[in-house]
$ cat target_1.tsv   # TSV, C-alpha atoms and all ligand atoms
chain	number	residue	atom	x	y	z
A	1487	MET	CA	86.90	118.97	93.29
A	1488	PRO	CA	86.92	115.19	93.73
A	1489	HIS	CA	89.26	113.64	96.28
A	1490	ARG	CA	92.12	111.88	94.52
A	1491	VAL	CA	92.85	108.44	95.98
A	1492	THR	CA	95.33	105.73	94.99
A	1493	LEU	CA	93.70	102.27	94.99
A	1494	ILE	CA	95.99	99.25	95.47
A	1495	PRO	CA	93.77	96.15	95.15
A	1496	GLY	CA	96.57	93.79	96.29
A	1497	ASP	CA	96.88	89.99	96.14
A	1498	GLY	CA	94.66	87.01	96.88
A	1499	ILE	CA	91.22	88.21	98.00
A	1500	GLY	CA	92.41	91.84	97.60
A	1501	PRO	CA	90.82	92.61	94.20
A	1502	GLU	CA	87.41	91.24	95.28
A	1503	ILE	CA	87.25	93.06	98.60
A	1504	ALA	CA	88.58	96.25	96.94
A	1505	ALA	CA	85.77	96.12	94.36
A	1506	ALA	CA	83.20	95.75	97.17
A	1507	ALA	CA	84.75	98.63	99.14
A	1508	VAL	CA	84.79	100.95	96.12
A	1509	THR	CA	81.09	100.17	95.48
A	1510	VAL	CA	80.28	101.17	99.07
A	1511	LEU	CA	82.43	104.32	99.12
A	1512	ASP	CA	81.09	105.51	95.77
A	1513	ALA	CA	77.54	104.98	97.10
A	1514	THR	CA	78.15	107.75	99.66
A	1515	GLY	CA	78.09	110.31	96.84
A	1516	VAL	CA	81.50	111.64	97.91
A	1517	ALA	CA	83.37	112.37	94.67
A	1518	ILE	CA	86.51	110.22	94.56
A	1519	GLU	CA	88.83	110.01	91.58
A	1520	TRP	CA	90.44	106.57	91.91
A	1521	THR	CA	93.88	105.86	90.44
A	1522	THR	CA	94.37	102.09	90.46
A	1523	VAL	CA	97.96	100.86	90.73
A	1524	ASP	CA	99.24	97.34	91.20
A	1525	ALA	CA	101.62	96.06	93.85
A	1526	GLY	CA	102.28	92.49	94.90
A	1527	GLU	CA	102.90	89.12	93.30
A	1528	ALA	CA	102.25	90.09	89.68
A	1529	GLN	CA	104.68	93.03	89.92
A	1530	LEU	CA	107.27	90.82	91.55
A	1531	ALA	CA	107.05	88.47	88.56
A	1532	ALA	CA	106.96	91.25	85.95
A	1533	GLN	CA	109.25	93.89	87.43
A	1534	GLY	CA	111.31	92.06	90.05
A	1535	THR	CA	109.79	94.02	92.95
A	1536	PRO	CA	106.39	93.76	94.65
A	1537	LEU	CA	106.41	97.53	95.23
A	1538	PRO	CA	107.37	99.42	92.06
A	1539	GLU	CA	108.47	103.04	92.53
A	1540	SER	CA	105.43	104.10	90.46
A	1541	VAL	CA	103.16	102.93	93.33
A	1542	LEU	CA	105.02	105.12	95.83
A	1543	ASP	CA	104.93	108.02	93.35
A	1544	SER	CA	101.16	107.68	93.01
A	1545	ILE	CA	100.66	107.79	96.80
A	1546	ARG	CA	103.05	110.76	97.10
A	1547	ASP	CA	100.99	112.46	94.41
A	1548	THR	CA	97.49	111.80	95.80
A	1549	GLY	CA	98.52	111.71	99.48
A	1550	VAL	CA	95.95	109.01	100.23
A	1551	ALA	CA	95.75	105.28	99.41
A	1552	LEU	CA	93.22	102.52	100.03
A	1553	LYS	CA	95.13	99.26	99.99
A	1554	GLY	CA	94.21	95.59	99.90
A	1555	PRO	CA	96.47	92.94	101.47
A	1556	ILE	CA	99.68	91.89	99.74
A	1557	THR	CA	101.23	88.44	99.91
A	1558	THR	CA	104.71	88.64	101.41
A	1559	PRO	CA	107.16	87.01	98.97
A	1560	ILE	CA	108.80	83.95	100.44
A	1561	GLY	CA	112.58	83.89	100.33
A	1562	GLU	CA	115.48	86.13	101.05
A	1563	GLY	CA	116.01	89.61	99.75
A	1564	PHE	CA	112.51	91.12	99.91
A	1565	ARG	CA	111.41	93.54	102.55
A	1566	SER	CA	107.74	93.46	103.43
A	1567	VAL	CA	105.75	95.83	101.21
A	1568	ASN	CA	104.05	97.23	104.29
A	1569	VAL	CA	107.29	97.99	106.10
A	1570	THR	CA	108.72	99.60	102.96
A	1571	LEU	CA	105.59	101.76	102.53
A	1572	ARG	CA	105.75	102.92	106.15
A	1573	GLN	CA	109.42	103.84	105.91
A	1574	ALA	CA	109.36	105.39	102.42
A	1575	LEU	CA	106.33	107.58	103.23
A	1576	ASP	CA	107.14	108.16	106.93
A	1577	LEU	CA	103.76	106.79	108.01
A	1578	TYR	CA	104.51	107.26	111.68
A	1579	ALA	CA	101.10	106.57	113.21
A	1580	ASN	CA	99.28	103.25	113.05
A	1581	LEU	CA	95.60	103.65	113.89
A	1582	ARG	CA	93.50	100.62	114.82
A	1583	PRO	CA	89.94	101.17	116.08
A	1584	ALA	CA	88.25	98.17	117.71
A	1585	ARG	CA	84.50	98.48	118.29
A	1586	SER	CA	81.96	95.79	119.17
A	1587	MET	CA	79.36	95.04	116.51
A	1588	ALA	CA	75.97	93.42	116.98
A	1589	GLY	CA	75.93	90.16	115.02
A	1590	VAL	CA	79.70	89.65	115.33
A	1591	GLU	CA	80.63	87.22	118.05
A	1592	GLY	CA	82.86	88.84	120.65
A	1593	ARG	CA	83.46	88.57	124.37
A	1594	TYR	CA	81.82	91.94	125.06
A	1595	THR	CA	79.15	94.13	123.50
A	1596	ASP	CA	80.49	97.52	124.53
A	1597	VAL	CA	84.13	97.71	123.43
A	1598	ASP	CA	85.04	100.98	121.73
A	1599	LEU	CA	88.82	101.33	121.67
A	1600	VAL	CA	91.23	103.20	119.40
A	1601	ILE	CA	94.81	101.95	119.44
A	1602	VAL	CA	97.45	104.46	118.32
A	1603	ARG	CA	100.82	102.77	117.74
A	1604	GLU	CA	104.13	104.48	117.05
A	1605	ASN	CA	105.25	103.02	113.74
A	1606	THR	CA	108.89	103.97	113.17
A	1607	GLU	CA	111.15	103.01	116.06
A	1608	ASP	CA	111.38	100.91	119.26
A	1609	LEU	CA	112.62	97.34	118.84
A	1610	TYR	CA	111.22	97.38	115.29
A	1611	ALA	CA	113.90	99.79	114.10
A	1612	GLY	CA	115.58	96.59	112.88
A	1613	ILE	CA	118.94	97.25	114.56
A	1614	GLU	CA	120.13	93.85	115.74
A	1615	HIS	CA	123.26	91.77	115.51
A	1616	MET	CA	124.89	88.61	116.76
A	1617	VAL	CA	127.25	88.99	119.69
A	1618	GLY	CA	129.44	85.99	118.98
A	1619	PRO	CA	127.83	82.75	117.80
A	1620	ASP	CA	125.44	82.21	120.73
A	1621	ALA	CA	123.90	85.56	121.59
A	1622	ALA	CA	121.88	88.13	119.72
A	1623	GLU	CA	121.19	91.75	120.56
A	1624	SER	CA	118.32	93.99	119.40
A	1625	ILE	CA	118.46	97.70	120.07
A	1626	LYS	CA	115.36	99.50	121.36
A	1627	ILE	CA	115.25	103.07	120.06
A	1628	ILE	CA	112.90	105.58	121.69
A	1629	THR	CA	113.26	109.28	120.88
A	1630	ARG	CA	111.56	112.30	122.38
A	1631	ALA	CA	110.65	113.60	118.91
A	1632	ALA	CA	108.88	110.41	117.78
A	1633	SER	CA	107.21	109.90	121.18
A	1634	GLU	CA	105.86	113.45	121.35
A	1635	ARG	CA	104.72	113.21	117.71
A	1636	ILE	CA	102.69	110.03	118.33
A	1637	ALA	CA	101.29	111.36	121.61
A	1638	ARG	CA	100.17	114.55	119.83
A	1639	PHE	CA	98.57	112.42	117.12
A	1640	ALA	CA	96.63	110.46	119.78
A	1641	PHE	CA	95.42	113.61	121.57
A	1642	ASP	CA	94.48	115.36	118.30
A	1643	TYR	CA	92.60	112.24	117.23
A	1644	ALA	CA	90.76	112.28	120.57
A	1645	VAL	CA	89.83	115.96	120.17
A	1646	HIS	CA	88.64	115.62	116.57
A	1647	ASN	CA	86.68	112.44	117.15
A	1648	GLY	CA	84.88	113.28	120.38
A	1649	ARG	CA	86.87	110.89	122.58
A	1650	ARG	CA	87.37	111.57	126.29
A	1651	LYS	CA	90.61	109.94	127.42
A	1652	VAL	CA	94.10	108.94	126.28
A	1653	THR	CA	95.97	106.17	128.10
A	1654	ALA	CA	99.75	105.87	127.57
A	1655	VAL	CA	100.95	102.26	127.77
A	1656	HIS	CA	104.57	101.46	128.70
A	1657	LYS	CA	106.95	99.42	130.87
A	1658	ALA	CA	108.75	102.38	132.40
A	1659	ASN	CA	109.06	100.63	135.76
A	1660	ILE	CA	111.64	98.31	134.18
A	1661	MET	CA	112.91	100.18	131.10
A	1662	LYS	CA	113.35	103.42	132.97
A	1663	LEU	CA	115.25	105.25	130.24
A	1664	SER	CA	113.55	104.16	126.99
A	1665	ASP	CA	109.94	103.65	128.12
A	1666	GLY	CA	110.55	106.35	130.73
A	1667	LEU	CA	111.22	108.80	127.91
A	1668	PHE	CA	108.07	107.64	126.07
A	1669	LEU	CA	105.97	108.20	129.21
A	1670	GLU	CA	107.59	111.55	129.95
A	1671	SER	CA	106.90	112.66	126.34
A	1672	CYS	CA	103.24	111.63	126.64
A	1673	ARG	CA	102.94	113.58	129.91
A	1674	THR	CA	104.46	116.67	128.28
A	1675	VAL	CA	101.97	116.54	125.41
A	1676	ALA	CA	99.05	115.71	127.74
A	1677	ALA	CA	99.62	119.01	129.56
A	1678	ASP	CA	98.67	120.88	126.35
A	1679	TYR	CA	95.26	119.14	126.35
A	1680	ALA	CA	94.53	119.44	130.08
A	1681	GLY	CA	90.87	120.15	130.76
A	1682	ARG	CA	89.88	118.83	127.33
A	1683	ILE	CA	91.17	115.25	127.22
A	1684	GLU	CA	91.79	113.12	130.30
A	1685	PHE	CA	95.20	111.43	130.57
A	1686	GLU	CA	96.42	108.37	132.45
A	1687	ASP	CA	99.08	105.69	132.03
A	1688	ARG	CA	99.22	101.93	132.49
A	1689	ILE	CA	102.02	99.39	132.57
A	1690	VAL	CA	101.62	97.14	129.53
A	1691	ASP	CA	101.14	93.81	131.34
A	1692	ASN	CA	98.48	95.29	133.61
A	1693	MET	CA	96.90	96.95	130.53
A	1694	CYS	CA	96.51	93.57	128.80
A	1695	MET	CA	94.75	92.10	131.82
A	1696	GLN	CA	92.50	95.15	132.17
A	1697	LEU	CA	91.58	95.04	128.47
A	1698	VAL	CA	90.52	91.42	128.78
A	1699	GLN	CA	88.57	92.05	132.01
A	1700	LYS	CA	87.24	95.63	131.71
A	1701	PRO	CA	87.74	96.95	128.15
A	1702	GLU	CA	84.85	99.40	128.57
A	1703	LEU	CA	87.03	101.52	130.89
A	1704	TYR	CA	89.40	102.48	128.06
A	1705	ASP	CA	89.15	104.83	125.11
A	1706	VAL	CA	92.24	105.92	123.09
A	1707	LEU	CA	95.50	104.08	123.87
A	1708	VAL	CA	98.92	105.32	122.75
A	1709	LEU	CA	101.82	102.86	122.67
A	1710	PRO	CA	105.37	102.40	121.41
A	1711	ASN	CA	105.75	100.12	118.38
A	1712	LEU	CA	106.12	96.64	119.91
A	1713	TYR	CA	103.40	96.92	122.58
A	1714	GLY	CA	101.16	98.60	120.01
A	1715	ASP	CA	101.54	95.69	117.62
A	1716	ILE	CA	100.53	93.18	120.28
A	1717	VAL	CA	97.80	95.16	122.05
A	1718	SER	CA	96.09	96.14	118.77
A	1719	ASP	CA	95.63	92.47	117.88
A	1720	LEU	CA	94.37	91.80	121.42
A	1721	ALA	CA	91.80	94.57	120.89
A	1722	ALA	CA	90.79	93.13	117.49
A	1723	GLY	CA	90.28	89.77	119.19
A	1724	LEU	CA	87.94	91.39	121.72
A	1725	VAL	CA	85.56	92.52	118.97
A	1726	GLY	CA	85.48	89.54	116.63
A	1727	GLY	CA	88.86	89.11	115.02
A	1728	LEU	CA	90.78	90.25	111.98
A	1729	GLY	CA	87.91	89.91	109.46
A	1730	VAL	CA	86.33	93.09	110.84
A	1731	ALA	CA	89.48	95.02	111.87
A	1732	PRO	CA	90.25	98.18	109.90
A	1733	GLY	CA	93.53	100.07	110.05
A	1734	ALA	CA	95.46	103.06	108.82
A	1735	ASN	CA	99.06	104.16	108.60
A	1736	ILE	CA	99.25	107.92	108.69
A	1737	GLY	CA	102.08	110.40	108.12
A	1738	THR	CA	102.26	114.13	107.62
A	1739	ARG	CA	102.22	113.94	103.83
A	1740	ALA	CA	100.53	110.61	103.07
A	1741	ALA	CA	98.16	108.07	104.59
A	1742	VAL	CA	97.47	104.45	103.67
A	1743	PHE	CA	94.23	102.79	104.79
A	1744	GLU	CA	94.13	98.99	104.87
A	1745	PRO	CA	92.57	96.01	106.62
A	1746	VAL	CA	94.60	94.24	109.26
A	1747	HIS	CA	94.15	90.78	107.71
A	1748	GLY	CA	96.26	89.24	104.97
A	1749	SER	CA	95.57	88.07	101.41
A	1750	ALA	CA	93.86	84.78	102.42
A	1751	PRO	CA	95.06	83.07	99.20
A	1752	LYS	CA	92.87	80.00	99.70
A	1753	TYR	CA	89.75	82.16	99.20
A	1754	ALA	CA	91.03	84.15	96.21
A	1755	GLY	CA	88.56	84.36	93.32
A	1756	LEU	CA	85.81	82.44	95.15
A	1757	ASP	CA	83.61	85.39	96.15
A	1758	VAL	CA	83.60	84.25	99.77
A	1759	ALA	CA	85.92	86.74	101.52
A	1760	ASN	CA	84.55	89.24	103.99
A	1761	PRO	CA	85.17	92.83	102.76
A	1762	THR	CA	84.14	94.44	106.08
A	1763	ALA	CA	87.65	95.35	107.26
A	1764	LEU	CA	88.51	97.08	103.99
A	1765	ILE	CA	85.12	98.86	103.87
A	1766	LEU	CA	85.69	100.13	107.43
A	1767	SER	CA	89.24	101.17	106.45
A	1768	GLY	CA	87.56	103.15	103.68
A	1769	ALA	CA	85.38	104.84	106.31
A	1770	LEU	CA	88.54	105.84	108.22
A	1771	MET	CA	89.83	107.24	104.92
A	1772	LEU	CA	86.67	109.30	104.40
A	1773	ARG	CA	87.07	110.75	107.90
A	1774	HIS	CA	90.72	111.58	107.14
A	1775	LEU	CA	89.53	113.39	104.01
A	1776	GLY	CA	87.12	115.46	106.10
A	1777	GLU	CA	84.04	113.54	104.91
A	1778	THR	CA	82.86	112.83	108.44
A	1779	ALA	CA	79.14	112.36	107.70
A	1780	ALA	CA	79.82	109.93	104.85
A	1781	ALA	CA	82.27	107.99	107.06
A	1782	GLY	CA	79.60	107.63	109.74
A	1783	ARG	CA	77.03	106.46	107.17
A	1784	VAL	CA	79.36	103.72	105.91
A	1785	GLU	CA	80.06	102.51	109.46
A	1786	GLU	CA	76.36	102.52	110.35
A	1787	ALA	CA	75.45	100.70	107.12
A	1788	VAL	CA	77.97	97.91	107.84
A	1789	ARG	CA	76.71	97.58	111.40
A	1790	GLU	CA	73.04	97.52	110.35
A	1791	VAL	CA	73.47	94.97	107.56
A	1792	ILE	CA	75.44	92.60	109.83
A	1793	ALA	CA	73.06	93.09	112.79
A	1794	GLU	CA	70.00	92.32	110.63
A	1795	GLY	CA	71.51	88.94	109.84
A	1796	ARG	CA	70.07	88.51	106.30
A	1797	THR	CA	73.24	89.29	104.30
A	1798	VAL	CA	76.19	88.22	106.42
A	1799	PRO	CA	79.62	87.09	105.17
A	1800	ARG	CA	80.55	83.46	105.67
A	1801	ASP	CA	83.30	84.01	108.26
A	1802	LEU	CA	80.65	85.68	110.45
A	1803	GLY	CA	78.31	82.72	110.15
A	1804	GLY	CA	76.23	83.84	107.15
A	1805	GLU	CA	76.10	82.81	103.51
A	1806	ALA	CA	76.64	86.09	101.64
A	1807	GLY	CA	79.40	86.33	99.07
A	1808	THR	CA	81.81	89.27	98.86
A	1809	ARG	CA	79.85	91.00	96.09
A	1810	ALA	CA	76.44	90.45	97.69
A	1811	PHE	CA	77.59	91.85	101.03
A	1812	GLY	CA	79.21	94.88	99.35
A	1813	ALA	CA	76.01	95.50	97.37
A	1814	ALA	CA	73.86	95.23	100.53
A	1815	VAL	CA	76.01	97.75	102.41
A	1816	ALA	CA	76.10	100.10	99.40
A	1817	GLY	CA	72.30	99.84	99.14
A	1818	ARG	CA	71.94	100.73	102.81
A	1819	VAL	CA	74.26	103.72	102.43
A	1820	THR	CA	72.16	104.98	99.51
A	1821	ARG	CA	68.88	104.50	101.41
A	1822	VAL	CA	70.19	106.34	104.48
A	1823	MET	CA	71.23	109.23	102.23
A	1824	ALA	CA	67.85	109.35	100.51
A	1825	ALA	CA	66.15	109.53	103.91
A	1826	THR	CA	68.27	112.43	105.18
B	1901	LIG	P1	95.45	86.03	106.55
B	1901	LIG	O1	94.90	87.19	107.31
B	1901	LIG	O2	95.49	86.14	105.07
B	1901	LIG	O3	94.57	84.74	106.90
B	1901	LIG	C1	94.36	84.26	108.25
B	1901	LIG	C2	93.02	83.48	108.28
B	1901	LIG	O4	91.93	84.37	108.21
B	1901	LIG	C3	92.86	82.52	107.09
B	1901	LIG	O5	92.10	81.41	107.51
B	1901	LIG	C4	92.11	83.36	106.09
B	1901	LIG	O6	91.47	82.60	105.13
B	1901	LIG	C5	91.16	84.16	107.01
B	1901	LIG	N1	90.82	85.49	106.47
B	1901	LIG	C6	91.63	86.58	106.42
B	1901	LIG	N2	90.98	87.62	105.89
B	1901	LIG	C7	89.73	87.18	105.61
B	1901	LIG	C8	88.59	87.81	105.03
B	1901	LIG	N3	88.60	89.10	104.67
B	1901	LIG	N4	87.47	87.08	104.87
B	1901	LIG	C9	87.43	85.79	105.25
B	1901	LIG	N5	88.48	85.13	105.81
B	1901	LIG	C10	89.62	85.83	105.98
B	1901	LIG	O7	96.88	85.69	107.18
B	1901	LIG	P2	98.03	84.72	106.66
B	1901	LIG	O8	97.41	83.44	106.13
B	1901	LIG	O9	99.00	84.64	107.75
B	1901	LIG	O10	98.72	85.49	105.46
B	1901	LIG	C11	98.44	85.30	104.07
B	1901	LIG	C12	99.33	86.22	103.27
B	1901	LIG	O11	98.97	87.59	103.55
B	1901	LIG	C13	100.82	86.11	103.63
B	1901	LIG	O12	101.59	86.22	102.45
B	1901	LIG	C14	101.06	87.30	104.54
B	1901	LIG	O13	102.40	87.72	104.49
B	1901	LIG	C15	100.13	88.33	103.92
B	1901	LIG	N6	99.71	89.41	104.85
B	1901	LIG	C16	99.60	90.64	104.31
B	1901	LIG	C17	99.16	91.70	105.10
B	1901	LIG	C18	99.02	93.06	104.48
B	1901	LIG	O14	99.26	93.22	103.29
B	1901	LIG	N7	98.65	94.07	105.23
B	1901	LIG	C19	98.81	91.47	106.44
B	1901	LIG	C20	98.92	90.18	106.97
B	1901	LIG	C21	99.36	89.13	106.15

$ encode --input "target_1.tsv" --output "structure tokens"
Amino acid sequence: MPHRVTLIPGDGIGPEIAAAAVTVLDATGVAIEWTTVDAGEAQLAAQGTPLPESVLDSIRDTGVALKGPITTPIGEGFRSVNVTLRQALDLYANLRPARSMAGVEGRYTDVDLVIVRENTEDLYAGIEHMVGPDAAESIKIITRAASERIARFAFDYAVHNGRRKVTAVHKANIMKLSDGLFLESCRTVAADYAGRIEFEDRIVDNMCMQLVQKPELYDVLVLPNLYGDIVSDLAAGLVGGLGVAPGANIGTRAAVFEPVHGSAPKYAGLDVANPTALILSGALMLRHLGETAAAGRVEEAVREVIAEGRTVPRDLGGEAGTRAFGAAVAGRVTRVMAAT
């Protein structure tokens, strides 16, 4: 039976990088039945919403989506498509691996981090109000249920992906109740994995300094929403920036895989965008679908093609167009398969 996947090409450079990613993923030989649905600017113009209900229905039906970036409509009255997707599908875990790549300029050569961010609460619950005309208040929500759920996700990810350690990141020395509850929840879950996965915790400011100075000491990090948002971009910056940063939003019934970067409208239609982040998001999707060997082949193919330096996207200092780079990676995937 083929895997059924919803494909949302998205806006701007989205359709071009999605075409490149599909070429690469199909080259693995894994049978995928793609259902392409549109979200974004064209739907906003045609249907009055960038995220028609039919897109959500398709993801609910297939359970898995590969998504290009979507331009956030300017003006009042529209919620971000990404926030709506996360809430409507309860995509509670945001997964952001950050791994150094030969040929991609970065501060270090040996970074291999996985950032697991709680996606549903904290200061991002959106509960804020004015207290009179000159003061505003935002409410930070941390629950035991959501904290234990994200901690369990991080430990399960570590077990299934051969990782050795989970570090919980918090500010429990100051926010003793909210971040204290997050830390306590992580400790509770960690006890279930004792002897299999190491556990430690770090205060978030110290964690940022350590990541900049000694990133090789860390493995899987688990964080509440706000710190996770910031630290995952810090980690992407350590390994070469957003052009190569894949991501996933995962829930119990659905998962959406997407690059971290936006729709880069100035490059739309020019065949110059780098499809690496979406291709690597596709590799995360293959792993989620249980296609571990194919996922590894895609990641290796991307790394080899970039390291060789002959077909390198422009933002990484080369001259290859989106299509040419996708074709080179797909060709490498096919060759690796023929050899094994
Ligand atoms: P952006 O990521 O689109 O662009 C930032 C810079 O990086 C630009 O110089 C851009 O040209 C470059 N860039 C980004 N991706 C690239 C790629 N794959 N190859 C080569 N260069 C690349 O961020 P932005 O300009 O702030 O946002 C543009 C639009 O995208 C906005 O409407 C924003 O709301 C939206 N956005 C969407 C998502 C998403 O759907 N997940 C994420 C971020 C931004």

$ residues_near_ligand --input "target_1.tsv" --ligand "ligand LIG 1901 (chain B)" --cutoff "9 Å" --atoms "all atoms listed in the file" --output "ChimeraX atom specification"
/A:1496-1500,1503,1526,1553-1560,1566-1568,1727-1730,1744-1753,1758-1764,1799-1802,1808

$ closest_atom_pairs --input "target_1.tsv" --of "stretch 1664-1764 of chain A" --to "stretch 1527-1546 of chain A" --cutoff "9 Å" --atoms "only C-alpha atoms" --output "JSON lines"
{"residue": "A:Arg1739", "atom": "CA", "partner": "A:Arg1546", "partner_atom": "CA", "distance": 7.5}
{"residue": "A:Ala1740", "atom": "CA", "partner": "A:Arg1546", "partner_atom": "CA", "distance": 6.5}
{"residue": "A:Ala1741", "atom": "CA", "partner": "A:Ile1545", "partner_atom": "CA", "distance": 8.2}
{"residue": "A:Val1742", "atom": "CA", "partner": "A:Ile1545", "partner_atom": "CA", "distance": 8.3}

$ axis_aligned_box --input "target_1.tsv" --around "stretch 1503-1506 of chain A" --padding-each-side "4 Å" --output "lines of an AutoDock Vina configuration file"
center_x = 85.9
center_y = 94.7
center_z = 96.5
size_x = 13.4
size_y = 11.2
size_z = 12.2

$ closest_residue --input "target_1.tsv" --among "A:Val1510, A:Val1706, A:Leu1663, A:Leu1571" --to "A:Ala1810" --atoms "only C-alpha atoms"
A:Val1510

$ atom_distance --input "target_1.tsv" --atom1 "atom CA of A:Arg1688" --atom2 "atom CA of A:Gly1714"
13.1 Å

$ atom_distance --input "target_1.tsv" --atom1 "atom CA of A:Gly1549" --atom2 "atom CA of A:Ile1765"
19.1 Å
